[in-house]
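Take a look at the structure below.
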Amino acid sequence: MTSINKPPVRHPSDRRNAIGLTKADYEGGMSTLCAGCGHDSVTAALVQAFWELDLPPHRAAKMSGIGCSSKTTGYFMRQSHGFNAVHGRMPSVTTGANAANGELTYIGISGDGDSLNIGLGQMVHAIRRNVNMLYVIENNGVYGLTKGQFSAAADLGSTSRKGEVNEQAPIDPVLLALTLGATFVARSFSGDKAQLVPILKAGLSHRGFALIDVISPCVSFNDHEGSTKSYAYVRGHEVETVATDFVPLRREITMPESHEAVTTVQMHDGSRVRLHATAPGYDPTDRETAYRHARACLDRGEVATGILFIDKAGRDLHDMNRTVDTPLAHLPFDALCPGKAALDALMARYR
Amino acid sequence: MGPTNVTDPRYYHKVVDCQWACPAHTNVPQYLRLIGQGRYADSYLLNRESNVFPGILGRTCDRPCEPACRRGRIDETPVAICRMKRVAADLRGDVTDRLPTAPAEKNGKRVALIGAGPSSLTVANDLLPLGYDVTIYEKHHHPGGLMRFSIPSFRLPARVIDEECGYIIGMGAQMKYGTPVTSMRALLDEGYDAVFVGSGAPKGKELAIPGRHDAPTIHVGLDWLANVHFGHIEAIEPRVLIIGVGNTAMDCCRTAKRLGATDVKVVARRGRAQFKASPWELEDAEEEGVAILENHAPTRFIVDNGVLTGMEFEQLHWSTDTSGRQHSTVVSTTAIPCDAVILAIGQDNALPWLERDLGIAFDAQGMPIVDRATHQSTRAGVFFGGDAAWGPLNIIWAVAHGHQAAISIHLHCSGHDVSHRPAPGMTLTSAKLGMQSWSYSNDYNPSPRARMQHEELVRRFTDVSVEVELGFTPEQAAREVQRCLNCDIQTVFTDRLCIECDACVDICPTSCLTISPVRGSEDELRSHLSAPALNMDQALFASGPLPQTQRLMVKDEDVCLHCGLCAERCPTAAWDMQRFDLQFAYAGAAPGSAPLNAPEGR
Ligand SMILES: Cc1cc2nc3c(=O)[nH]c(=O)nc-3n(C[C@H](O)[C@H](O)[C@H](O)COP(=O)(O)OP(=O)(O)OC[C@H]3O[C@@H](n4cnc5c(N)ncnc54)[C@H](O)[C@@H]3O)c2cc1C
Ligand SMILES: Cc1ncc(C[n+]2csc(CCOP(=O)(O)OP(=O)(O)O)c2C)c(N)n1
Ligand code: SF4
Ligand code: SF4
Ligand code: SF4
Ligand SMILES: [Mg+2]
């Protein structure tokens, strides 16, 4: 909580984007999270990414469950749609929303507890269905909101603030997503916006489920010595495996072309994502190498970051179900509800 | 860029834009907060410490603080700093028992001050409490100098001058009224331990063009205003031209309006952008029906049988050459009919009573050679200040000079080197009261600048002494206080506490903060921040290396709102909001150990 709202004054150099909005137009209510919470930095990175992408707020839907992380949808894009679901149920609510209206940009914000504990069964099916959405896990290794119990993301041997040791193996969302056939898998760190913002932009431009596991330290319950999700630990163990350069449509490439290890992926909207792998032989379009690398990093206690895997050929929910592109709300009534004769014909097929 | 040295009081002092720009370094934000709390007497006394004449300056100051005010960079109009002094003065009640006093026991040192204008009075104000025997020689019969006999009483009532000069004189200055110093040699022979020349620049400039002395209705502004003040002149002819467009011209034209002139024109050589008068003075004059003509150069007076009938002008066109210099070409010649002319084209120093063989050296322009820091002339023990030192300035500069001269006189009289000036100090006190509560109001008030209430036009012309500005109401004042951004509540950073969570960077509404890798130069840094630091007059703060990544915390001071959100969002209190109090040195402070050359903020 802050004592005041953000004063409505901006830097003199503050600019408007292509749709006439300032960065402040992408902000939301004042955060009530603890001072220094990583989640607030992720919010700031999202605001930056939305602004840079000229995203119209009224064409977006902010989806979340329960947790400090899930609260953050209140802190950005105050003029968009949103749904705050029951704990862990955000993926299925988003799946339903997307089925009914595939034209909105879905921004799912979850926590490690929300996604990997209570909501694990939900998240895996959204991945399998390749629901077209940005899915951000603000991963702090604990249940922040309920005062710091270990979550399923807590690493073996890491300790709680009071010194208790975690003895259960972690669920790594990156490995999990890769095994489930996810089409966009990335990891980043709330304390590194230079890396996080382009990844968010790439995720928002990806057609399909874009999973970004963002290590986002809980300053109140998991930023101590013995934690593997603290600011200091992540800074000491981060290995940037793939560097990302997001090149919007009609914009020049800034990453030097000469790099042999650069993979360029053309996104659906015409933008390009240029990926430069630092590990020798790493190919971010090859699921096998991505899996092996992420696994090895986990074993070494390293935090592999970057867009670790991308497959833009994947078919999304609508492709697989052969559903209409038009949002249901916009279908003419007789197409949406073709009448008794059509229903009878359908039923006849199952007799 | 290495770590910024914030132990030098100049760093935080410069952040307080108004206090830095004020020649006397008045603690503006603190006096405004005191007004906000209804503590008018405290606010008045705080003002008085540095600027000595809050009631006078609250009506007349040239207010160099206002163009500097940070608020002006945020929503265009600065805080009404100057007129808030008047609020404190108007509402202060009786403060006489809280004013400085002179000790019964004197220190045995005798000083003579020439002139009873603001510069001399400031010297007296600072030296009397130290036990000095102070004698003031004044040509006229009242104290105040130009404040009294040049500044018209519709801007500055005599009672305000009486009160504030009285506070000083009441400490026991020996006033020799009606006693012009006619020989410096004779004065020096009286064996004073130090002499201060605060006699002002009392001679109005002449305009040597044909016809100047051919008619009785051509006046020199400075003398004319004084004559009005002394009651020697009570009326003026209907059509009046004022030559010049400085502050004196503004007072002349408005005074002429009050003495019966119906058609008053101020005529300037240059275009409006070059006018010396303050914009608010021009506004007031135009509101009173004074016409202002640009680009007219006077060539001659048109006098018919000893009667002034008009003046001839060349109409000029100004152009700027490649080196930025302005050149004029004559477009045409015009005559403007008039019955009287007042010349207001500047002032000259006149020290005819100061013999040139006393070891007090003068430069080629006939100005005394005076040290900028110590105010000492080339003769030890003789000091200059106010308009007499470097030509006409204004009241607040006269006060600032007085303080510095008093320091020098005290150093001189106690056997110290006058260049070993006492250094300013500072205190920093955390403004934190609780988790998210501060000892100042940190919220931003979007209110526009308070509008001064003015006396009705018809009432103004009934008497020269009807004060035009009515002052702010307490309600207006309370709101205006809220417009102040509290620049003295500094953002103070402790490197070793920072965990680089970015919370402060993210929350800052005006993108002041950046956690940056070390860069080669300040210029490079300025263009690689959260927002470009384009205002080169404003400092960048850079921390030492941060513990986790060795990057630096960088702050561009330019548009910081002092809202305290960075400190509220910081989990480790690496940022704190702390009240900076400049301990400006006055006479009596311990001398410095080495010469201190650059006076603060000039
Ligand atoms: C028309 C006009 C309007 C102005 N308006 C403003 C304004 O609004 N705001 C502002 O800040 N400034 C204004 N000023 C300027 C300001 O008044 C002066 O800068 C300031 O008063 C200078 O103070 P001082 O102490 O140097 O000398 P002065 O105020 O000039 O005082 C000098 C004193 O010394 C006396 N004196 C001179 N010679 C002798 C001698 N030989 N022996 C004894 N006594 C002597 C004089 O009688 C006088 O009393 C204005 C000036 C003029 C002319
Ligand atoms: C059905 C249900 N079970 C349990 C809870 C209690 N609960 C609230 S938040 C939370 C965990 C949140 O953890 P995470 O998603 O990691 O969010 P964080 O606060 O760490 O950001 C739990 C268990 C709940 N609100 N609802
Ligand atoms: S408890 Fe932890 S996760 Fe929740 S707001 Fe505080 S720091 Fe953030
Ligand atoms: S006080 Fe802090 S948050 Fe507020 S404007 Fe200044 S630097 Fe930014
Ligand atoms: S909020 Fe505090 S700890 Fe975090 S980066 Fe800013 S100064 Fe450092
Ligand atoms: Mg969590």
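Simple scheme: letters A, B, ... for chains in structure tokens order, numbers from 1 for residues in each chain, numbers from 1 for ligands in the order shown.
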
Any residue with an atom at most 6 Å from ligand 3 counts, using only C-alpha atoms and all ligand atoms. Which are they? Put them as a VMD selection string. chain A and resid 33 to 34 37 68 144 to 145 218 to 221

Residues near Ser377 of chain B, anyone? I mean within 10 Å using only C-alpha atoms, not counting same-chain ones fewer than 6 positions away, as an MDAnalysis selection string. chainID B and resid 196:197 359:362 368:371 383:384 389

For those residues, write N, CA and C atoms to a file as a tab-separated table (two decimals), in the first residue's frame.
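Result saved to part28.tsv:
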```
chain	number	residue	atom	x	y	z
B	196	PHE	N	31.03	50.41	6.12
B	196	PHE	CA	30.29	49.75	5.05
B	196	PHE	C	29.61	50.82	4.20
B	197	VAL	N	29.83	50.74	2.89
B	197	VAL	CA	29.20	51.70	1.98
B	197	VAL	C	27.95	51.07	1.38
B	359	GLY	N	43.16	54.81	-1.04
B	359	GLY	CA	43.50	53.38	-1.14
B	359	GLY	C	42.31	52.55	-1.55
B	360	ILE	N	41.19	53.22	-1.88
B	360	ILE	CA	40.01	52.51	-2.38
B	360	ILE	C	40.04	52.67	-3.89
B	361	ALA	N	40.41	51.59	-4.58
B	361	ALA	CA	40.63	51.69	-6.02
B	361	ALA	C	39.32	51.60	-6.80
B	362	PHE	N	39.30	52.30	-7.94
B	362	PHE	CA	38.14	52.29	-8.85
B	362	PHE	C	38.57	51.75	-10.20
B	368	PRO	N	33.86	51.13	-7.86
B	368	PRO	CA	34.87	50.67	-6.91
B	368	PRO	C	35.22	49.21	-7.18
B	369	ILE	N	36.46	48.84	-6.93
B	369	ILE	CA	36.86	47.43	-7.11
B	369	ILE	C	36.54	46.71	-5.80
B	370	VAL	N	35.59	45.77	-5.90
B	370	VAL	CA	35.08	45.10	-4.69
B	370	VAL	C	35.17	43.59	-4.89
B	371	ASP	N	35.66	42.88	-3.90
B	371	ASP	CA	35.79	41.42	-3.99
B	371	ASP	C	34.40	40.78	-3.94
B	383	PHE	N	34.07	48.17	3.21
B	383	PHE	CA	33.27	47.17	2.49
B	383	PHE	C	32.15	47.87	1.71
B	384	PHE	N	31.72	47.25	0.62
B	384	PHE	CA	30.63	47.78	-0.19
B	384	PHE	C	29.55	46.71	-0.34
B	389	ALA	N	27.80	48.58	-4.76
B	389	ALA	CA	28.95	47.72	-5.05
B	389	ALA	C	29.15	47.50	-6.54
```

Identify every residue of chain B that has at least one atom within 7 Å of any atom of chain A, counting only C-alpha atoms, and report the result as a short mmCIF file (atom, residue, chain, number, x, y, z; two decimals) with N, CA and C atoms, in the first residue's frame.
```
data_model
loop_
_atom_site.label_atom_id
_atom_site.label_comp_id
_atom_site.auth_asym_id
_atom_site.auth_seq_id
_atom_site.Cartn_x
_atom_site.Cartn_y
_atom_site.Cartn_z
N GLN B 436 3.73 4.18 6.07
CA GLN B 436 3.54 5.02 4.89
C GLN B 436 3.05 6.38 5.32
N SER B 437 3.69 6.93 6.32
CA SER B 437 3.25 8.28 6.67
C SER B 437 4.46 9.15 6.91
N ASP B 443 1.22 14.30 -1.11
CA ASP B 443 0.32 14.14 -2.25
C ASP B 443 0.44 15.35 -3.18
N TYR B 444 0.09 15.12 -4.43
CA TYR B 444 0.20 16.16 -5.44
C TYR B 444 -1.12 16.90 -5.55
N CYS B 501 15.42 -4.48 -6.63
CA CYS B 501 14.13 -5.07 -6.97
C CYS B 501 13.39 -4.24 -8.01
N ASP B 502 13.85 -3.02 -8.28
CA ASP B 502 13.23 -2.13 -9.28
C ASP B 502 11.96 -1.44 -8.79
N ALA B 503 11.55 -1.67 -7.56
CA ALA B 503 10.27 -1.12 -7.11
C ALA B 503 10.23 0.39 -7.24
N ASP B 506 10.03 1.48 -10.88
CA ASP B 506 8.71 1.22 -11.45
C ASP B 506 7.66 2.21 -10.98
N PRO B 509 6.50 8.28 -10.76
CA PRO B 509 5.59 8.79 -11.79
C PRO B 509 6.31 9.54 -12.89
N THR B 510 7.44 10.14 -12.57
CA THR B 510 8.10 10.98 -13.56
C THR B 510 9.42 10.38 -14.07
N SER B 511 9.56 9.10 -13.96
CA SER B 511 10.70 8.37 -14.54
C SER B 511 12.05 8.96 -14.16
N ALA B 531 14.12 7.93 -18.60
CA ALA B 531 13.69 9.01 -19.50
C ALA B 531 14.92 9.88 -19.70
N GLN B 548 24.39 -6.24 -5.40
CA GLN B 548 24.22 -7.49 -6.15
C GLN B 548 24.85 -7.47 -7.53
N VAL B 559 12.63 16.50 -12.65
CA VAL B 559 11.19 16.62 -12.38
C VAL B 559 10.73 15.72 -11.25
N GLU B 568 8.39 4.79 -0.26
CA GLU B 568 7.30 3.94 0.24
C GLU B 568 7.38 2.54 -0.35
N ARG B 569 7.81 2.44 -1.61
CA ARG B 569 7.86 1.12 -2.26
C ARG B 569 9.17 0.39 -2.02
N CYS B 570 10.13 1.04 -1.41
CA CYS B 570 11.42 0.38 -1.19
C CYS B 570 11.32 -0.57 0.00
N PRO B 571 11.62 -1.87 -0.19
CA PRO B 571 11.46 -2.82 0.90
C PRO B 571 12.55 -2.68 1.97
#
```

Within 8 Å of ligand 6, counting only C-alpha atoms and all ligand atoms: which residues, as a PDB file with N, CA, C and O atoms, in the first residue's frame?
```pdb
ATOM      1  N   GLY A  67      -4.128 -15.324  -5.374  1.00  0.00           N
ATOM      2  CA  GLY A  67      -2.729 -15.227  -4.934  1.00  0.00           C
ATOM      3  C   GLY A  67      -2.297 -13.784  -5.088  1.00  0.00           C
ATOM      4  O   GLY A  67      -3.007 -12.976  -5.710  1.00  0.00           O
ATOM      5  N   CYS A  68      -1.155 -13.445  -4.508  1.00  0.00           N
ATOM      6  CA  CYS A  68      -0.638 -12.088  -4.700  1.00  0.00           C
ATOM      7  C   CYS A  68      -0.464 -11.827  -6.188  1.00  0.00           C
ATOM      8  O   CYS A  68      -0.815 -10.768  -6.708  1.00  0.00           O
ATOM      9  N   SER A  69       0.098 -12.806  -6.882  1.00  0.00           N
ATOM     10  CA  SER A  69       0.321 -12.688  -8.315  1.00  0.00           C
ATOM     11  C   SER A  69      -0.996 -12.459  -9.039  1.00  0.00           C
ATOM     12  O   SER A  69      -1.094 -11.597  -9.917  1.00  0.00           O
ATOM     13  N   GLY A 111       0.117 -17.611 -10.293  1.00  0.00           N
ATOM     14  CA  GLY A 111       1.271 -17.823  -9.424  1.00  0.00           C
ATOM     15  C   GLY A 111       1.688 -19.276  -9.478  1.00  0.00           C
ATOM     16  O   GLY A 111       1.003 -20.107 -10.083  1.00  0.00           O
ATOM     17  N   ASP A 112       2.809 -19.565  -8.869  1.00  0.00           N
ATOM     18  CA  ASP A 112       3.268 -20.954  -8.857  1.00  0.00           C
ATOM     19  C   ASP A 112       2.296 -21.830  -8.064  1.00  0.00           C
ATOM     20  O   ASP A 112       2.030 -22.966  -8.445  1.00  0.00           O
ATOM     21  N   GLY A 113       1.729 -21.286  -6.995  1.00  0.00           N
ATOM     22  CA  GLY A 113       0.740 -22.052  -6.239  1.00  0.00           C
ATOM     23  C   GLY A 113      -0.531 -22.212  -7.049  1.00  0.00           C
ATOM     24  O   GLY A 113      -1.059 -23.317  -7.203  1.00  0.00           O
ATOM     25  N   ASP A 114      -0.976 -21.132  -7.628  1.00  0.00           N
ATOM     26  CA  ASP A 114      -2.213 -21.124  -8.410  1.00  0.00           C
ATOM     27  C   ASP A 114      -2.112 -22.094  -9.589  1.00  0.00           C
ATOM     28  O   ASP A 114      -3.061 -22.797  -9.897  1.00  0.00           O
ATOM     29  N   GLU A 138       3.943 -15.924 -12.169  1.00  0.00           N
ATOM     30  CA  GLU A 138       4.839 -15.110 -11.337  1.00  0.00           C
ATOM     31  C   GLU A 138       5.305 -16.018 -10.207  1.00  0.00           C
ATOM     32  O   GLU A 138       4.609 -16.216  -9.211  1.00  0.00           O
ATOM     33  N   ASN A 139       6.479 -16.597 -10.415  1.00  0.00           N
ATOM     34  CA  ASN A 139       6.929 -17.757  -9.643  1.00  0.00           C
ATOM     35  C   ASN A 139       7.872 -17.331  -8.516  1.00  0.00           C
ATOM     36  O   ASN A 139       8.990 -16.890  -8.766  1.00  0.00           O
ATOM     37  N   ASN A 140       7.384 -17.472  -7.289  1.00  0.00           N
ATOM     38  CA  ASN A 140       8.237 -17.103  -6.154  1.00  0.00           C
ATOM     39  C   ASN A 140       8.515 -18.278  -5.228  1.00  0.00           C
ATOM     40  O   ASN A 140       9.106 -18.126  -4.164  1.00  0.00           O
ATOM     41  N   GLY A 141       8.053 -19.468  -5.623  1.00  0.00           N
ATOM     42  CA  GLY A 141       8.356 -20.671  -4.847  1.00  0.00           C
ATOM     43  C   GLY A 141       7.527 -20.829  -3.586  1.00  0.00           C
ATOM     44  O   GLY A 141       7.722 -21.790  -2.840  1.00  0.00           O
ATOM     45  N   VAL A 142       6.655 -19.880  -3.329  1.00  0.00           N
ATOM     46  CA  VAL A 142       5.840 -19.963  -2.100  1.00  0.00           C
ATOM     47  C   VAL A 142       4.401 -19.519  -2.380  1.00  0.00           C
ATOM     48  O   VAL A 142       4.113 -18.956  -3.426  1.00  0.00           O
ATOM     49  N   TYR A 143       3.551 -19.772  -1.397  1.00  0.00           N
ATOM     50  CA  TYR A 143       2.227 -19.165  -1.394  1.00  0.00           C
ATOM     51  C   TYR A 143       2.415 -17.827  -0.686  1.00  0.00           C
ATOM     52  O   TYR A 143       2.389 -17.772   0.548  1.00  0.00           O
ATOM     53  N   GLY A 144       2.612 -16.792  -1.432  1.00  0.00           N
ATOM     54  CA  GLY A 144       2.865 -15.497  -0.797  1.00  0.00           C
ATOM     55  C   GLY A 144       1.661 -15.008  -0.006  1.00  0.00           C
ATOM     56  O   GLY A 144       1.775 -14.646   1.161  1.00  0.00           O
ATOM     57  N   LEU A 145       0.512 -15.088  -0.643  1.00  0.00           N
ATOM     58  CA  LEU A 145      -0.685 -14.493  -0.036  1.00  0.00           C
ATOM     59  C   LEU A 145      -1.025 -15.118   1.314  1.00  0.00           C
ATOM     60  O   LEU A 145      -1.526 -14.441   2.204  1.00  0.00           O
ATOM     61  N   SER A 151       5.505 -23.842  -2.164  1.00  0.00           N
ATOM     62  CA  SER A 151       4.621 -24.262  -3.257  1.00  0.00           C
ATOM     63  C   SER A 151       5.287 -25.419  -3.975  1.00  0.00           C
ATOM     64  O   SER A 151       6.423 -25.802  -3.649  1.00  0.00           O
ATOM     65  N   CYS A 218       9.470 -13.152  -3.720  1.00  0.00           N
ATOM     66  CA  CYS A 218       8.582 -12.712  -2.650  1.00  0.00           C
ATOM     67  C   CYS A 218       9.480 -12.116  -1.570  1.00  0.00           C
ATOM     68  O   CYS A 218      10.165 -12.848  -0.860  1.00  0.00           O
TER      69      CYS A 218
END
```

So how far away is atom CA of Cys508 of chain B from atom CA of Asp25 of chain A, in Å?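 Distance reported for this atom pair: 15.2 Å.
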
Counting only C-alpha atoms and all ligand atoms, which protein, DNA or RNA residues come within 6 Å of ligand 1, given as a PyMOL selection string? chain B and resi 60-62+114-120+137-140+144-147+150-151+180-182+198-202+222+247-248+251+386-388+392-396+398

Go ahead and save the picked residues with N, CA and C atoms, as a compact mmCIF listing (two decimals), in the first residue's frame.
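Output (part_22.txt):
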```
# COMPACT_ATOMS: atom_id res chain seq x y z
N THR B 60 7.38 43.18 -2.98
CA THR B 60 8.21 43.85 -4.00
C THR B 60 9.36 43.02 -4.55
N CYS B 61 9.56 41.82 -4.03
CA CYS B 61 10.79 41.14 -4.43
C CYS B 61 10.80 40.85 -5.93
N ASP B 62 11.97 40.89 -6.53
CA ASP B 62 12.12 40.53 -7.94
C ASP B 62 11.91 39.03 -8.15
N ILE B 114 27.08 53.59 5.71
CA ILE B 114 26.65 54.78 4.96
C ILE B 114 25.38 54.45 4.19
N GLY B 115 24.29 55.13 4.55
CA GLY B 115 23.00 54.88 3.94
C GLY B 115 22.17 53.95 4.80
N ALA B 116 20.86 54.22 4.85
CA ALA B 116 19.98 53.35 5.62
C ALA B 116 19.04 52.59 4.69
N GLY B 117 19.61 52.07 3.59
CA GLY B 117 18.86 51.20 2.68
C GLY B 117 18.94 49.76 3.16
N PRO B 118 18.36 48.85 2.40
CA PRO B 118 18.31 47.45 2.85
C PRO B 118 19.68 46.82 3.07
N SER B 119 20.69 47.21 2.31
CA SER B 119 22.00 46.57 2.50
C SER B 119 22.58 46.95 3.85
N SER B 120 22.62 48.25 4.15
CA SER B 120 23.16 48.68 5.45
C SER B 120 22.34 48.11 6.59
N TYR B 137 24.75 56.51 8.91
CA TYR B 137 24.63 57.86 8.35
C TYR B 137 23.62 57.83 7.23
N GLU B 138 22.58 58.66 7.33
CA GLU B 138 21.56 58.68 6.27
C GLU B 138 21.24 60.12 5.91
N LYS B 139 21.33 60.35 4.61
CA LYS B 139 21.07 61.67 4.03
C LYS B 139 19.65 62.16 4.34
N HIS B 140 18.67 61.24 4.22
CA HIS B 140 17.27 61.61 4.43
C HIS B 140 16.87 61.45 5.90
N GLY B 144 15.21 53.17 4.96
CA GLY B 144 14.58 52.36 3.91
C GLY B 144 15.20 52.55 2.54
N GLY B 145 15.84 53.70 2.31
CA GLY B 145 16.49 53.92 1.01
C GLY B 145 15.46 53.96 -0.10
N LEU B 146 15.86 53.40 -1.26
CA LEU B 146 14.96 53.44 -2.42
C LEU B 146 13.64 52.74 -2.14
N MET B 147 13.65 51.82 -1.19
CA MET B 147 12.40 51.12 -0.86
C MET B 147 11.35 52.14 -0.43
N SER B 150 11.56 55.54 -3.66
CA SER B 150 11.37 55.24 -5.08
C SER B 150 10.19 54.32 -5.31
N ILE B 151 10.12 53.26 -4.53
CA ILE B 151 9.02 52.32 -4.74
C ILE B 151 7.74 53.00 -4.26
N PRO B 180 24.26 63.52 5.48
CA PRO B 180 24.98 62.89 4.36
C PRO B 180 26.47 62.83 4.64
N VAL B 181 27.08 61.76 4.27
CA VAL B 181 28.54 61.69 4.35
C VAL B 181 29.06 62.49 3.17
N THR B 182 29.83 63.53 3.46
CA THR B 182 30.32 64.38 2.38
C THR B 182 31.81 64.17 2.13
N GLY B 198 26.82 51.55 1.83
CA GLY B 198 25.54 51.03 1.33
C GLY B 198 24.69 52.18 0.83
N SER B 199 25.34 53.05 0.07
CA SER B 199 24.68 54.30 -0.31
C SER B 199 23.87 54.19 -1.60
N GLY B 200 23.83 52.97 -2.17
CA GLY B 200 22.99 52.78 -3.34
C GLY B 200 23.60 53.37 -4.60
N ALA B 201 22.77 53.43 -5.65
CA ALA B 201 23.19 53.96 -6.94
C ALA B 201 22.22 55.06 -7.30
N PRO B 202 22.29 56.15 -6.57
CA PRO B 202 21.13 57.03 -6.55
C PRO B 202 21.02 58.04 -7.68
N LEU B 222 13.91 58.82 -11.32
CA LEU B 222 14.28 58.56 -9.94
C LEU B 222 13.99 59.78 -9.06
N ASN B 247 11.91 48.55 -14.41
CA ASN B 247 11.04 48.63 -13.25
C ASN B 247 10.72 50.08 -12.88
N THR B 248 11.69 50.97 -13.02
CA THR B 248 11.44 52.37 -12.70
C THR B 248 10.35 52.93 -13.61
N ASP B 251 6.96 52.00 -12.41
CA ASP B 251 6.48 52.78 -11.27
C ASP B 251 6.13 54.21 -11.68
N GLY B 386 25.05 46.13 -1.75
CA GLY B 386 23.86 46.70 -2.36
C GLY B 386 24.20 47.35 -3.69
N ASP B 387 23.39 48.29 -4.13
CA ASP B 387 23.59 48.92 -5.45
C ASP B 387 24.93 49.65 -5.56
N ALA B 388 25.51 50.04 -4.41
CA ALA B 388 26.77 50.78 -4.45
C ALA B 388 27.94 49.91 -4.89
N PRO B 392 23.05 48.94 -9.93
CA PRO B 392 21.71 48.65 -9.41
C PRO B 392 21.30 47.19 -9.56
N LEU B 393 20.85 46.63 -8.47
CA LEU B 393 20.31 45.26 -8.48
C LEU B 393 18.90 45.33 -7.92
N ASN B 394 18.69 44.74 -6.76
CA ASN B 394 17.35 44.81 -6.17
C ASN B 394 17.47 44.58 -4.66
N ILE B 395 16.34 44.53 -4.00
CA ILE B 395 16.37 44.48 -2.54
C ILE B 395 16.99 43.18 -2.04
N ILE B 396 16.58 42.07 -2.64
CA ILE B 396 17.04 40.79 -2.09
C ILE B 396 18.56 40.63 -2.27
N ALA B 398 20.58 43.21 -2.21
CA ALA B 398 21.14 44.12 -1.21
C ALA B 398 21.21 43.40 0.15
```

Mind checking DSSP for segment 255-353 of chain B and telling me the strand (DSSP E or B) residues as a count of residues only? 49

Set the distance at 6 Å and use only C-alpha atoms: which residues neighbour Val247 of chain A once local chain neighbours fewer than 3 positions away are removed? I'd like the list as a VMD selection string. chain A and resid 271 to 273

Enumerate, in order of chain and increasing residue number, the residues of chain B with an atom no farther than 10 Å from ligand 5, each with its shortest atom pair and distance in Å to one decimal, counting only C-alpha atoms and all ligand atoms, as a tab-separated table.
```
residue	atom	partner	partner_atom_place_in_ligand_line	distance
B:Val492	CA	ligand 5	7 (S)	9.9
B:Phe493	CA	ligand 5	7 (S)	7.2
B:Thr494	CA	ligand 5	7 (S)	7.9
B:Asp495	CA	ligand 5	7 (S)	7.8
B:Arg496	CA	ligand 5	8 (Fe)	9.1
B:Leu497	CA	ligand 5	3 (S)	6.5
B:Cys498	CA	ligand 5	8 (Fe)	3.6
B:Ile499	CA	ligand 5	3 (S)	4.3
B:Glu500	CA	ligand 5	5 (S)	3.6
B:Cys501	CA	ligand 5	4 (Fe)	4.0
B:Asp502	CA	ligand 5	5 (S)	4.0
B:Ala503	CA	ligand 5	1 (S)	4.2
B:Cys504	CA	ligand 5	6 (Fe)	4.2
B:Val505	CA	ligand 5	6 (Fe)	6.3
B:Asp506	CA	ligand 5	1 (S)	8.6
B:Ile507	CA	ligand 5	1 (S)	8.9
B:Leu513	CA	ligand 5	6 (Fe)	8.6
B:Thr514	CA	ligand 5	5 (S)	9.0
B:Ile515	CA	ligand 5	5 (S)	7.5
B:Leu546	CA	ligand 5	8 (Fe)	8.4
B:Pro547	CA	ligand 5	8 (Fe)	9.9
B:Met553	CA	ligand 5	7 (S)	7.6
B:Leu565	CA	ligand 5	1 (S)	9.6
B:Cys566	CA	ligand 5	1 (S)	6.4
B:Ala567	CA	ligand 5	1 (S)	7.0
B:Glu568	CA	ligand 5	1 (S)	8.3
B:Arg569	CA	ligand 5	1 (S)	5.7
B:Cys570	CA	ligand 5	1 (S)	3.4
B:Pro571	CA	ligand 5	2 (Fe)	5.7
B:Thr572	CA	ligand 5	3 (S)	5.5
B:Ala573	CA	ligand 5	2 (Fe)	6.2
B:Ala574	CA	ligand 5	7 (S)	4.8
B:Trp575	CA	ligand 5	7 (S)	5.4
B:Asp576	CA	ligand 5	7 (S)	9.1
```

I want to know what sits within 9 Å of Gly425 of chain B, based on only C-alpha atoms, with residues of the same chain fewer than 4 positions away left out; could you give that as a list in words?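 Answer for this query is Asp8, Pro9, Asp581, Leu582, Gln583, Phe584 and Ala585 of chain B.
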
Which of segment 83-267 of chain A counts as helix (DSSP H, G or I) under DSSP, as JSON, numbers by chain please? {"A": [90, 91, 92, 93, 94, 95, 96, 97, 98, 99, 100, 112, 113, 114, 115, 116, 117, 120, 121, 122, 123, 124, 125, 126, 127, 128, 173, 174, 175, 176, 177, 178, 179, 193, 194, 195, 196, 197, 198, 199, 200, 201, 202, 203, 204, 205, 231, 232, 233, 234, 235, 236, 237]}

Need the shell around segment 306-310 of chain B: protein/DNA/RNA residues with any atom at most 9 Å away, counting only C-alpha atoms. Skip same-chain ones fewer than 3 positions apart. Format as a list in words?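 My list of contacting residues is Gly211, Asp214, Ala215, Pro216, Thr217, Ile218, Leu241, Arg300, Phe301, Ile302, Val303, Ala335, Ile336, Pro337, Cys338, Asp339, Ala340 and Val341 of chain B.
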
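Using only C-alpha atoms, the protein and nucleic acid residues lying no more than 9 Å from Gly38 of chain B, apart from those fewer than 5 places from it along its own chain, are B:Arg33, B:Ser43, B:Ala88, B:Pro474, B:Ala478.
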
C-alpha atoms of the current selection, written as a compact mmCIF listing (two decimals), in the first residue's frame:
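File produced: out.txt:
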```
# COMPACT_ATOMS: atom_id res chain seq x y z
CA ARG B 33 4.66 24.43 5.24
CA SER B 43 7.03 31.34 9.07
CA ALA B 88 3.15 35.25 6.71
CA PRO B 474 -5.82 32.24 4.34
CA ALA B 478 -3.41 27.04 2.34
```
